[in-house]
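Have a look at upload_1.txt; it's compact mmCIF, C-alpha atoms and all ligand atoms:
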# COMPACT_ATOMS: atom_id res chain seq x y z
CA MET A 174 -128.80 -40.56 -210.03
CA LYS A 175 -125.88 -42.08 -211.99
CA THR A 176 -124.26 -40.67 -215.12
CA GLN A 177 -120.99 -41.02 -217.01
CA ILE A 178 -120.09 -37.33 -216.78
CA ALA A 179 -121.43 -34.66 -214.41
CA ILE A 180 -120.74 -31.05 -215.40
CA VAL A 181 -120.82 -28.23 -212.83
CA GLY A 182 -121.91 -24.93 -214.45
CA ALA A 183 -124.12 -24.16 -217.46
CA GLY A 184 -122.17 -21.22 -218.86
CA PRO A 185 -120.66 -21.46 -222.36
CA ALA A 186 -118.03 -24.03 -221.28
CA GLY A 187 -120.48 -26.40 -219.57
CA LEU A 188 -123.14 -26.15 -222.27
CA LEU A 189 -120.74 -26.57 -225.19
CA LEU A 190 -119.04 -29.51 -223.49
CA GLY A 191 -122.41 -31.11 -222.75
CA HIS A 192 -123.44 -30.89 -226.39
CA LEU A 193 -120.10 -32.18 -227.71
CA LEU A 194 -120.31 -35.20 -225.38
CA ARG A 195 -123.97 -35.89 -226.20
CA ALA A 196 -123.05 -35.82 -229.91
CA GLU A 197 -120.71 -38.73 -229.10
CA GLY A 198 -123.53 -40.58 -227.35
CA LEU A 199 -122.15 -40.11 -223.82
CA GLU A 200 -124.40 -39.66 -220.76
CA VAL A 201 -124.14 -36.18 -219.25
CA VAL A 202 -125.93 -34.14 -216.57
CA ILE A 203 -125.29 -30.43 -215.98
CA VAL A 204 -125.83 -28.86 -212.56
CA GLU A 205 -126.15 -25.04 -212.47
CA ARG A 206 -126.56 -22.81 -209.45
CA ALA A 207 -128.38 -19.93 -211.15
CA THR A 208 -131.64 -19.82 -213.09
CA ALA A 209 -131.61 -19.93 -216.90
CA ASP A 210 -132.75 -16.27 -217.00
CA TYR A 211 -129.92 -15.20 -214.74
CA VAL A 212 -127.33 -16.92 -216.95
CA LEU A 213 -128.83 -15.22 -220.03
CA GLY A 214 -128.90 -11.83 -218.31
CA ARG A 215 -125.11 -11.55 -218.05
CA ILE A 216 -123.76 -9.36 -220.85
CA ARG A 217 -120.23 -10.53 -221.50
CA ALA A 218 -118.27 -11.64 -224.57
CA GLY A 219 -119.01 -10.43 -228.07
CA VAL A 220 -116.32 -11.77 -230.40
CA LEU A 221 -116.06 -15.42 -231.46
CA GLU A 222 -113.01 -16.97 -233.08
CA ARG A 223 -113.35 -19.32 -236.00
CA THR A 224 -112.46 -22.22 -233.66
CA THR A 225 -115.53 -21.37 -231.58
CA THR A 226 -117.91 -20.93 -234.53
CA ASP A 227 -116.60 -24.22 -235.98
CA LEU A 228 -117.58 -25.99 -232.75
CA MET A 229 -121.11 -24.54 -232.97
CA ASP A 230 -121.31 -25.79 -236.56
CA ARG A 231 -119.99 -29.22 -235.57
CA ILE A 232 -122.83 -29.74 -233.11
CA GLY A 233 -125.33 -28.43 -235.66
CA LEU A 234 -126.22 -25.27 -233.72
CA GLY A 235 -124.62 -22.60 -235.88
CA GLU A 236 -127.65 -21.61 -237.92
CA ARG A 237 -128.84 -18.55 -235.96
CA MET A 238 -125.23 -17.46 -235.41
CA HIS A 239 -124.59 -17.42 -239.18
CA ARG A 240 -127.89 -15.65 -239.81
CA ASP A 241 -127.73 -12.97 -237.11
CA GLY A 242 -124.00 -12.75 -236.32
CA LEU A 243 -121.73 -10.22 -238.02
CA PRO A 244 -118.57 -11.63 -239.64
CA HIS A 245 -115.73 -9.13 -239.21
CA GLY A 246 -112.64 -9.14 -241.43
CA GLY A 247 -110.79 -6.48 -239.45
CA PHE A 248 -110.68 -4.21 -236.41
CA HIS A 249 -108.93 -0.98 -235.43
CA LEU A 250 -106.40 0.11 -232.88
CA ALA A 251 -106.55 3.84 -232.14
CA ASP A 252 -104.01 6.12 -230.49
CA GLY A 253 -106.26 9.04 -229.64
CA GLN A 254 -105.87 10.58 -233.09
CA ARG A 255 -105.83 8.03 -235.89
CA LEU A 256 -107.30 4.59 -236.56
CA ILE A 257 -104.90 1.76 -237.41
CA ARG A 258 -106.73 -1.02 -239.27
CA ILE A 259 -105.72 -4.63 -238.65
CA ASP A 260 -106.96 -6.46 -241.73
CA ILE A 261 -107.36 -9.90 -240.20
CA ALA A 262 -109.01 -11.40 -243.29
CA ALA A 263 -106.17 -10.35 -245.62
CA LEU A 264 -103.43 -11.21 -243.10
CA THR A 265 -104.78 -14.60 -241.95
CA GLY A 266 -107.44 -15.66 -244.46
CA ARG A 267 -109.94 -15.92 -241.59
CA GLN A 268 -112.57 -13.76 -239.91
CA VAL A 269 -114.09 -13.43 -236.45
CA MET A 270 -117.82 -13.42 -235.70
CA VAL A 271 -119.52 -10.74 -233.63
CA TYR A 272 -122.25 -12.71 -231.83
CA GLY A 273 -123.03 -12.13 -228.16
CA GLN A 274 -122.30 -14.68 -225.47
CA THR A 275 -125.97 -14.34 -224.49
CA GLU A 276 -127.09 -15.50 -227.93
CA LEU A 277 -124.62 -18.38 -228.09
CA THR A 278 -125.72 -19.48 -224.61
CA ARG A 279 -129.38 -19.28 -225.62
CA ASP A 280 -128.76 -21.47 -228.70
CA LEU A 281 -127.03 -24.09 -226.56
CA MET A 282 -129.69 -23.94 -223.82
CA ASP A 283 -132.65 -24.15 -226.20
CA ALA A 284 -131.25 -27.24 -227.94
CA ALA A 285 -130.45 -29.11 -224.71
CA PRO A 286 -133.84 -30.87 -224.19
CA GLU A 287 -134.04 -32.24 -227.76
CA ARG A 288 -130.45 -33.54 -227.50
CA GLY A 289 -131.12 -35.38 -224.23
CA LEU A 290 -128.89 -33.02 -222.22
CA PRO A 291 -130.46 -32.50 -218.78
CA ILE A 292 -129.65 -29.22 -217.01
CA ILE A 293 -130.61 -28.86 -213.35
CA TYR A 294 -130.99 -25.10 -212.71
CA GLY A 295 -131.19 -23.55 -209.25
CA ALA A 296 -128.91 -26.20 -207.65
CA ARG A 297 -127.81 -24.94 -204.20
CA ASP A 298 -124.75 -25.94 -202.18
CA VAL A 299 -123.01 -28.01 -204.86
CA VAL A 300 -120.19 -30.03 -203.25
CA LEU A 301 -117.70 -32.30 -205.06
CA HIS A 302 -116.69 -35.55 -203.31
CA ASP A 303 -114.08 -38.33 -203.63
CA LEU A 304 -112.31 -36.78 -206.61
CA ALA A 305 -109.21 -38.91 -206.12
CA SER A 306 -111.25 -42.13 -206.26
CA ASP A 307 -112.81 -43.92 -209.27
CA ALA A 308 -116.27 -43.04 -207.98
CA PRO A 309 -116.57 -39.27 -207.53
CA TYR A 310 -119.96 -37.71 -206.83
CA LEU A 311 -121.75 -34.41 -206.42
CA THR A 312 -124.22 -33.43 -203.75
CA PHE A 313 -126.53 -30.42 -203.89
CA VAL A 314 -129.95 -29.19 -202.92
CA GLU A 315 -132.73 -28.96 -205.49
CA ASP A 316 -136.08 -27.41 -204.51
CA GLY A 317 -135.16 -27.85 -200.87
CA ALA A 318 -134.41 -31.58 -201.25
CA PRO A 319 -130.92 -33.14 -201.02
CA ARG A 320 -129.67 -34.73 -204.28
CA ARG A 321 -126.68 -36.83 -205.27
CA ILE A 322 -125.19 -37.57 -208.69
CA ASP A 323 -122.61 -40.34 -209.07
CA ALA A 324 -120.37 -39.98 -212.10
CA GLN A 325 -117.21 -41.44 -213.57
CA PHE A 326 -115.85 -37.93 -214.20
CA ILE A 327 -116.79 -34.48 -212.97
CA CYS A 328 -116.08 -31.48 -215.21
CA GLY A 329 -115.68 -28.16 -213.41
CA CYS A 330 -117.12 -25.53 -215.79
CA ASP A 331 -118.32 -23.28 -212.98
CA GLY A 332 -116.40 -20.09 -213.69
CA PHE A 333 -113.85 -18.25 -211.58
CA HIS A 334 -115.84 -18.35 -208.31
CA GLY A 335 -117.25 -21.89 -208.54
CA PRO A 336 -116.62 -24.81 -206.15
CA SER A 337 -114.64 -27.07 -208.54
CA ARG A 338 -111.23 -25.42 -208.48
CA ALA A 339 -111.68 -24.81 -204.73
CA ALA A 340 -112.11 -28.58 -204.23
CA ILE A 341 -108.52 -29.22 -205.35
CA PRO A 342 -105.99 -29.23 -202.47
CA PRO A 343 -103.65 -26.21 -202.89
CA ALA A 344 -100.61 -28.48 -202.57
CA ALA A 345 -101.72 -30.35 -205.72
CA ALA A 346 -101.67 -27.28 -207.98
CA ARG A 347 -99.97 -24.02 -208.79
CA THR A 348 -101.59 -20.65 -209.53
CA TYR A 349 -100.27 -17.65 -211.45
CA GLU A 350 -102.07 -14.35 -211.10
CA LYS A 351 -101.88 -10.69 -212.07
CA ILE A 352 -104.53 -8.21 -210.95
CA TYR A 353 -104.76 -4.98 -212.94
CA PRO A 354 -105.29 -1.65 -211.19
CA PHE A 355 -108.44 -0.76 -213.18
CA GLY A 356 -111.69 -2.23 -214.47
CA TRP A 357 -113.89 -1.94 -217.56
CA LEU A 358 -117.17 -0.06 -217.36
CA GLY A 359 -119.48 -1.39 -220.10
CA ILE A 360 -122.64 0.09 -221.59
CA LEU A 361 -125.13 -1.61 -223.90
CA ALA A 362 -127.51 0.61 -225.86
CA ASP A 363 -129.92 0.28 -228.77
CA VAL A 364 -128.11 2.72 -231.03
CA PRO A 365 -126.16 2.07 -234.26
CA PRO A 366 -122.44 1.42 -233.70
CA CYS A 367 -120.04 4.30 -234.45
CA ASP A 368 -118.13 2.12 -236.93
CA ASP A 369 -118.62 -1.09 -238.94
CA GLU A 370 -115.69 -2.65 -237.06
CA LEU A 371 -114.43 -2.75 -233.47
CA ILE A 372 -112.11 0.01 -232.24
CA TYR A 373 -109.66 -0.51 -229.35
CA ALA A 374 -108.44 2.97 -228.36
CA ASN A 375 -105.48 4.03 -226.24
CA HIS A 376 -106.18 7.62 -225.23
CA GLU A 377 -104.16 9.54 -222.69
CA ARG A 378 -107.29 9.56 -220.49
CA GLY A 379 -107.44 5.76 -220.68
CA PHE A 380 -108.61 2.84 -222.79
CA ALA A 381 -111.93 2.72 -224.66
CA LEU A 382 -113.54 0.03 -226.82
CA ALA A 383 -116.29 0.46 -229.38
CA SER A 384 -118.04 -2.84 -230.05
CA MET A 385 -121.50 -3.99 -231.06
CA ARG A 386 -124.06 -6.76 -230.91
CA SER A 387 -125.87 -5.92 -234.17
CA GLU A 388 -126.28 -3.05 -236.62
CA LYS A 389 -128.72 -1.50 -234.14
CA ARG A 390 -127.15 -2.39 -230.80
CA SER A 391 -123.83 -1.01 -229.54
CA ARG A 392 -121.54 -2.16 -226.76
CA TYR A 393 -118.89 0.24 -225.45
CA TYR A 394 -116.35 0.01 -222.65
CA ILE A 395 -114.02 2.45 -220.89
CA GLN A 396 -111.19 1.80 -218.47
CA VAL A 397 -112.06 3.14 -214.97
CA PRO A 398 -110.18 3.14 -211.64
CA LEU A 399 -111.18 0.26 -209.36
CA ASP A 400 -112.75 2.51 -206.73
CA GLN A 401 -115.34 3.94 -209.12
CA LYS A 402 -118.98 2.91 -209.06
CA ILE A 403 -121.63 2.74 -211.76
CA GLU A 404 -123.40 5.66 -210.03
CA ASP A 405 -120.31 7.78 -210.76
CA TRP A 406 -121.05 7.37 -214.48
CA PRO A 407 -124.48 8.69 -215.51
CA ASP A 408 -125.11 7.99 -219.21
CA ASP A 409 -124.18 11.51 -220.39
CA ARG A 410 -120.83 11.47 -218.63
CA LEU A 411 -120.03 8.06 -220.13
CA TRP A 412 -120.98 9.10 -223.67
CA ASP A 413 -118.89 12.30 -223.31
CA GLU A 414 -115.88 10.26 -222.19
CA LEU A 415 -116.26 7.72 -224.98
CA ALA A 416 -116.43 10.51 -227.57
CA VAL A 417 -113.11 11.92 -226.31
CA ARG A 418 -111.26 8.60 -225.92
CA LEU A 419 -112.27 7.15 -229.28
CA GLY A 420 -110.73 10.17 -231.02
CA PRO A 421 -112.18 12.80 -233.32
CA GLU A 422 -113.11 10.51 -236.23
CA ALA A 423 -114.95 7.63 -234.52
CA GLY A 424 -115.90 9.61 -231.41
CA GLY A 425 -117.71 12.13 -233.60
CA ARG A 426 -119.88 9.36 -235.06
CA ILE A 427 -121.23 8.03 -231.74
CA THR A 428 -125.01 7.87 -231.45
CA ARG A 429 -126.10 8.25 -227.83
CA GLY A 430 -129.00 6.46 -226.18
CA PRO A 431 -130.20 5.21 -222.80
CA ALA A 432 -128.24 2.34 -221.24
CA LEU A 433 -129.92 -1.07 -221.40
CA GLU A 434 -127.17 -2.39 -219.14
CA LYS A 435 -124.15 -0.94 -217.38
CA SER A 436 -121.62 -2.92 -215.37
CA ILE A 437 -118.04 -2.79 -214.14
CA ALA A 438 -115.72 -5.81 -214.53
CA PRO A 439 -112.30 -6.09 -212.87
CA LEU A 440 -109.33 -7.18 -215.02
CA ARG A 441 -107.24 -10.19 -214.11
CA SER A 442 -104.79 -12.67 -215.60
CA PHE A 443 -104.95 -16.05 -213.85
CA VAL A 444 -103.86 -19.62 -214.60
CA PHE A 445 -104.37 -22.70 -212.43
CA GLU A 446 -102.42 -25.79 -213.34
CA PRO A 447 -102.77 -28.67 -213.81
CA MET A 448 -106.39 -28.53 -214.95
CA ARG A 449 -107.07 -32.02 -213.60
CA HIS A 450 -107.18 -33.56 -210.16
CA GLY A 451 -108.02 -37.26 -210.17
CA ARG A 452 -111.48 -37.56 -211.73
CA LEU A 453 -112.09 -33.78 -211.78
CA LEU A 454 -111.30 -31.89 -215.00
CA LEU A 455 -111.48 -28.08 -215.16
CA ALA A 456 -112.41 -26.04 -218.24
CA GLY A 457 -112.97 -22.34 -219.00
CA ASP A 458 -112.93 -19.55 -216.42
CA SER A 459 -112.73 -22.08 -213.56
CA ALA A 460 -109.10 -22.68 -214.53
CA HIS A 461 -108.00 -19.42 -216.12
CA ILE A 462 -108.92 -15.78 -216.64
CA VAL A 463 -107.62 -13.32 -219.22
CA PRO A 464 -108.18 -9.57 -219.23
CA PRO A 465 -110.91 -8.95 -221.84
CA THR A 466 -108.73 -6.84 -224.16
CA GLY A 467 -108.01 -9.64 -226.65
CA ALA A 468 -111.57 -11.10 -226.60
CA LYS A 469 -110.14 -14.47 -225.59
CA GLY A 470 -112.06 -15.67 -222.49
CA LEU A 471 -115.06 -17.35 -224.10
CA ASN A 472 -112.91 -18.59 -226.97
CA LEU A 473 -110.50 -20.27 -224.55
CA ALA A 474 -113.44 -21.91 -222.80
CA ALA A 475 -114.44 -23.28 -226.21
CA SER A 476 -110.97 -24.60 -227.05
CA ASP A 477 -110.69 -26.22 -223.60
CA VAL A 478 -113.92 -28.12 -224.11
CA HIS A 479 -112.80 -29.19 -227.56
CA TYR A 480 -109.73 -30.85 -225.99
CA LEU A 481 -111.77 -32.13 -223.05
CA SER A 482 -114.45 -33.71 -225.22
CA GLU A 483 -111.69 -35.46 -227.19
CA ALA A 484 -110.15 -36.72 -223.93
CA LEU A 485 -113.44 -38.04 -222.55
CA THR A 486 -114.45 -39.54 -225.89
CA GLY A 487 -111.06 -41.26 -226.07
CA TYR A 488 -111.62 -42.70 -222.61
CA PHE A 489 -115.21 -43.90 -223.07
CA ARG A 490 -115.28 -44.84 -226.76
CA ARG A 491 -111.75 -46.09 -227.39
CA ALA A 492 -110.74 -47.09 -223.88
CA ASP A 493 -107.61 -44.95 -224.35
CA PRO A 494 -106.00 -44.63 -220.89
CA ASP A 495 -103.76 -41.72 -221.97
CA ALA A 496 -106.58 -39.54 -223.27
CA ILE A 497 -107.45 -38.04 -219.89
CA ALA A 498 -103.83 -37.70 -218.78
CA GLY A 499 -102.96 -35.53 -221.81
CA TYR A 500 -105.84 -33.06 -221.45
CA SER A 501 -104.29 -30.48 -219.12
CA ASP A 502 -101.03 -30.07 -221.04
CA ARG A 503 -102.80 -29.81 -224.40
CA ALA A 504 -105.20 -27.16 -223.14
CA LEU A 505 -102.54 -25.19 -221.25
CA ALA A 506 -100.26 -24.86 -224.28
CA ARG A 507 -102.95 -22.82 -226.03
CA ILE A 508 -104.06 -21.03 -222.84
CA TRP A 509 -100.59 -19.61 -222.09
CA LYS A 510 -100.35 -18.13 -225.59
CA ALA A 511 -103.74 -16.47 -225.18
CA GLU A 512 -102.67 -15.23 -221.74
CA ARG A 513 -99.59 -13.70 -223.36
CA PHE A 514 -101.58 -11.96 -226.11
CA SER A 515 -104.25 -10.62 -223.73
CA TRP A 516 -101.62 -9.33 -221.29
CA GLN A 517 -99.61 -7.68 -224.08
CA LEU A 518 -102.63 -5.99 -225.65
CA THR A 519 -103.79 -4.85 -222.20
CA ARG A 520 -100.38 -3.26 -221.51
CA LEU A 521 -100.29 -1.64 -224.94
CA MET A 522 -103.77 -0.12 -224.75
CA HIS A 523 -104.35 0.97 -221.11
CA ARG A 524 -103.08 3.76 -218.87
CA PHE A 525 -101.46 2.27 -215.76
CA PRO A 526 -101.37 4.48 -212.63
CA ASP A 527 -97.57 4.17 -212.44
CA ASN A 528 -96.97 4.95 -216.13
CA ASP A 529 -94.60 7.87 -216.61
CA ALA A 530 -94.02 10.01 -219.69
CA PHE A 531 -91.49 7.51 -221.06
CA ASP A 532 -93.94 4.60 -220.73
CA ARG A 533 -96.53 6.64 -222.61
CA ARG A 534 -94.08 7.35 -225.45
CA MET A 535 -93.26 3.64 -225.60
CA GLN A 536 -96.95 2.82 -226.10
CA LEU A 537 -97.25 5.44 -228.83
CA ALA A 538 -94.05 4.22 -230.50
CA ASP A 539 -95.41 0.67 -230.40
CA LEU A 540 -98.66 1.77 -232.04
CA ASP A 541 -96.73 3.77 -234.64
CA TYR A 542 -94.60 0.72 -235.40
CA ILE A 543 -97.71 -1.47 -235.72
CA ALA A 544 -99.25 1.11 -238.08
CA SER A 545 -96.24 0.85 -240.39
CA SER A 546 -95.33 -2.85 -240.15
CA PRO A 547 -97.24 -5.65 -241.89
CA ALA A 548 -95.20 -8.10 -239.78
CA ALA A 549 -96.45 -6.54 -236.52
CA GLN A 550 -100.01 -6.43 -237.87
CA THR A 551 -99.81 -10.12 -238.83
CA THR A 552 -98.72 -11.06 -235.31
CA ILE A 553 -101.71 -9.25 -233.84
CA ALA A 554 -104.11 -10.58 -236.47
CA GLU A 555 -103.19 -14.25 -236.08
CA ASN A 556 -103.56 -14.07 -232.31
CA TYR A 557 -106.82 -12.12 -232.47
CA VAL A 558 -108.43 -14.49 -234.96
CA GLY A 559 -107.36 -17.43 -232.77
CA LEU A 560 -104.35 -19.72 -232.83
CA PRO A 561 -104.89 -23.19 -234.31
CA LEU A 562 -106.16 -25.95 -232.05
P1 LIG B 601 -118.98 -18.68 -216.87
O1 LIG B 601 -119.55 -17.99 -218.04
O2 LIG B 601 -118.60 -17.88 -215.68
O3 LIG B 601 -120.01 -19.82 -216.44
C1 LIG B 601 -119.88 -20.55 -215.23
C2 LIG B 601 -121.24 -21.06 -214.79
O4 LIG B 601 -121.08 -21.80 -213.59
C3 LIG B 601 -122.21 -19.92 -214.48
O5 LIG B 601 -123.43 -20.12 -215.16
C4 LIG B 601 -122.37 -19.99 -212.96
O6 LIG B 601 -123.64 -19.57 -212.53
C5 LIG B 601 -122.11 -21.47 -212.71
N1 LIG B 601 -121.72 -21.72 -211.31
C6 LIG B 601 -120.93 -20.94 -210.53
N2 LIG B 601 -120.88 -21.44 -209.29
C7 LIG B 601 -121.64 -22.56 -209.28
C8 LIG B 601 -121.99 -23.50 -208.27
N3 LIG B 601 -121.59 -23.33 -207.00
N4 LIG B 601 -122.79 -24.52 -208.64
C9 LIG B 601 -123.24 -24.67 -209.91
N5 LIG B 601 -122.96 -23.78 -210.89
C10 LIG B 601 -122.16 -22.75 -210.58
N6 LIG B 601 -114.49 -13.56 -223.82
C11 LIG B 601 -114.32 -13.62 -225.18
O7 LIG B 601 -113.93 -14.69 -225.71
N7 LIG B 601 -114.58 -12.55 -226.02
C12 LIG B 601 -115.00 -11.38 -225.49
O8 LIG B 601 -115.28 -10.47 -226.27
C13 LIG B 601 -115.16 -11.26 -224.05
N8 LIG B 601 -115.57 -10.11 -223.49
C14 LIG B 601 -115.81 -10.08 -222.14
C15 LIG B 601 -116.28 -8.90 -221.59
C16 LIG B 601 -116.54 -8.81 -220.23
C17 LIG B 601 -117.04 -7.51 -219.65
C18 LIG B 601 -116.34 -9.96 -219.39
C19 LIG B 601 -116.65 -9.90 -217.90
C20 LIG B 601 -115.88 -11.14 -219.94
C21 LIG B 601 -115.60 -11.21 -221.30
N9 LIG B 601 -115.15 -12.38 -221.89
C22 LIG B 601 -114.91 -12.42 -223.24
C23 LIG B 601 -114.90 -13.55 -221.06
C24 LIG B 601 -116.05 -14.57 -221.11
O9 LIG B 601 -117.28 -13.96 -220.80
C25 LIG B 601 -115.76 -15.71 -220.14
O10 LIG B 601 -114.46 -16.17 -220.36
C26 LIG B 601 -116.75 -16.88 -220.33
O11 LIG B 601 -118.01 -16.55 -219.80
C27 LIG B 601 -116.24 -18.16 -219.64
O12 LIG B 601 -117.21 -19.16 -219.73
P2 LIG B 601 -117.33 -20.28 -218.62
O13 LIG B 601 -118.48 -21.14 -219.03
O14 LIG B 601 -116.00 -20.88 -218.37
O15 LIG B 601 -117.68 -19.50 -217.27
C1 LIG B 602 -116.33 -7.22 -226.58
C2 LIG B 602 -115.63 -7.53 -225.44
C3 LIG B 602 -114.26 -7.66 -225.52
O1 LIG B 602 -113.55 -7.99 -224.43
C4 LIG B 602 -113.58 -7.47 -226.71
O2 LIG B 602 -112.23 -7.59 -226.74
C5 LIG B 602 -114.29 -7.18 -227.84
C6 LIG B 602 -115.67 -7.05 -227.77
C7 LIG B 602 -117.80 -7.07 -226.51
O3 LIG B 602 -118.37 -7.28 -225.44
O4 LIG B 602 -118.41 -6.74 -227.53
Would you mind writing the file out in structure tokens?
Amino acid sequence: MKTQIAIVGAGPAGLLLGHLLRAEGLEVVIVERATADYVLGRIRAGVLERTTTDLMDRIGLGERMHRDGLPHGGFHLADGQRLIRIDIAALTGRQVMVYGQTELTRDLMDAAPERGLPIIYGARDVVLHDLASDAPYLTFVEDGAPRRIDAQFICGCDGFHGPSRAAIPPAAARTYEKIYPFGWLGILADVPPCDDELIYANHERGFALASMRSEKRSRYYIQVPLDQKIEDWPDDRLWDELAVRLGPEAGGRITRGPALEKSIAPLRSFVFEPMRHGRLLLAGDSAHIVPPTGAKGLNLAASDVHYLSEALTGYFRRADPDAIAGYSDRALARIWKAERFSWQLTRLMHRFPDNDAFDRRMQLADLDYIASSPAAQTTIAENYVGLPL
């Protein structure tokens, strides 16, 4: 099979990119290792920036998001006692949208057939070939049979563990990485959220986050040491811990219920640059990871594919030779600022094993300063709502 652009991975980055390119009339094929149900079963991001919702609108797939999503004009930081409201709507004139990654993925998946966007699910052993030539190609196994797709460009949207980044010789790139000494244990439950807005809490026992998927479905997280397992956290223990860490006001309003899903995710900061090697272009988690504290991962995947679709459109529609060359630098300028924000908010809100009493007082002083300073609140708000493209 021949196509203009082959995309590896049908997560949010691959699907959004596929739709943006199809909207420009380009030929695209997506190759995904997992099944559609598996991709939809992963409970991950919950907060969309305006830049991300604008992209969904641009490809005409924002209807369900606007109907079922919850626009949020603010969120809270908590210090174990009080709630500090960050009024993002008043400080930036914009809002974020609470709409699960699962739902966004479903909207993109469901619309793929009618937009002429083929997705090959269950592709085994995907290998990228001849990336430094003008004729790269993919090989894989579909239903036991070997397949090959020849493309002019391959886009690696296959997440942190996919084969695309691994196909780039180490000498051609540089990586930056920070691994955090804890993870996030998440619980999803069909109970009303404890607050109308999200709460990021720094308690002396560790970080907690109160989030939601709808007015009837809650999503909570707590910071846990890396050696802990889900079995260590029966539902009752987790609800007890959340009630303590979220503080007396919000913690007292928690409604408990059985877990629909529980999982532990490690925290990492990671950047791989450049995001291009010959005819291979990386986007989303395949090129960078942020700790989830700033809700930036999915939103960065979306801004990458915005730049990448412009680059590929420039190449195919306007024969602009510089379009592809500029992609990596454009994307990385925004990525590094999101890395900075996510790292800073992670340091502000978590307990690190080597924190001493002074470090703790610094965190509390920081939160106290934020509570009293519109300037500090504006800095947080403009990063949280998403920096301009
Ligand atoms: P992925 O979603 O990882 O998709 C990659 C796809 O490639 C997958 O479908 C995978 O199956 C496929 N693939 C992998 N290997 C192969 C192969 N060999 N062949 C073919 N296909 C392959 N981000 C936010 O913006 N806001 C949040 O609130 C937020 N919260 C989060 C909470 C948690 C607990 C976690 C874990 C993440 C969170 N994120 C958040 C981050 C966000 O989920 C990711 O950044 C986002 O999924 C990245 O999208 P992606 O398409 O680049 O990668
Ligand atoms: C969610 C996840 C995040 O990482 C975050 O910062 C906010 C919300 C969520 O899953 O709802």
Name each residue within 8 Å of ligand LIG 601 (chain B), counting only C-alpha atoms and all ligand atoms, as JSON, numbers by chain. {"A": [181, 182, 183, 184, 185, 186, 187, 188, 204, 205, 206, 207, 211, 212, 216, 217, 218, 219, 220, 221, 222, 274, 296, 297, 298, 299, 300, 330, 331, 332, 333, 334, 335, 336, 357, 358, 359, 436, 437, 438, 439, 456, 457, 458, 459, 462, 463, 464, 465, 466, 467, 468, 469, 470, 471, 472, 473, 474]}
Of the candidates A:Glu422, A:Glu370, A:Glu404, A:Asp502, which shows the shortest atom-to-atom distance to ligand LIG 602 (chain B), using all atoms listed in the file?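 Using all atoms listed in the file, ligand LIG 602 (chain B) sits closest to A:Glu370.
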Please determine, counting all atoms listed in the file, which residue among A:Leu234, A:Ala262, A:Leu199, A:Leu518 has the shortest atom-to-atom distance to ligand LIG 602 (chain B). A:Leu518
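The shell of residues at most 10 Å from Asp495 (chain A), with only C-alpha atoms counted and near chain neighbours (fewer than 6 positions) removed, consists of Ala484, Gly487 and Tyr488 of chain A.
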Residues as selected, C-alpha atoms, written as a short mmCIF file (atom, residue, chain, number, x, y, z; two decimals), keeping the file's coordinate frame, can you do that?
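This is the output file result-v7.cif:
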data_model
loop_
_atom_site.label_atom_id
_atom_site.label_comp_id
_atom_site.auth_asym_id
_atom_site.auth_seq_id
_atom_site.Cartn_x
_atom_site.Cartn_y
_atom_site.Cartn_z
CA ALA A 484 -110.15 -36.72 -223.93
CA GLY A 487 -111.06 -41.26 -226.07
CA TYR A 488 -111.62 -42.70 -222.61
#
Residue with smallest distance to Phe443 (chain A) - pool A:Val558, A:Leu411, A:Ile352, A:Ala346, counting all atoms listed in the file: A:Ile352
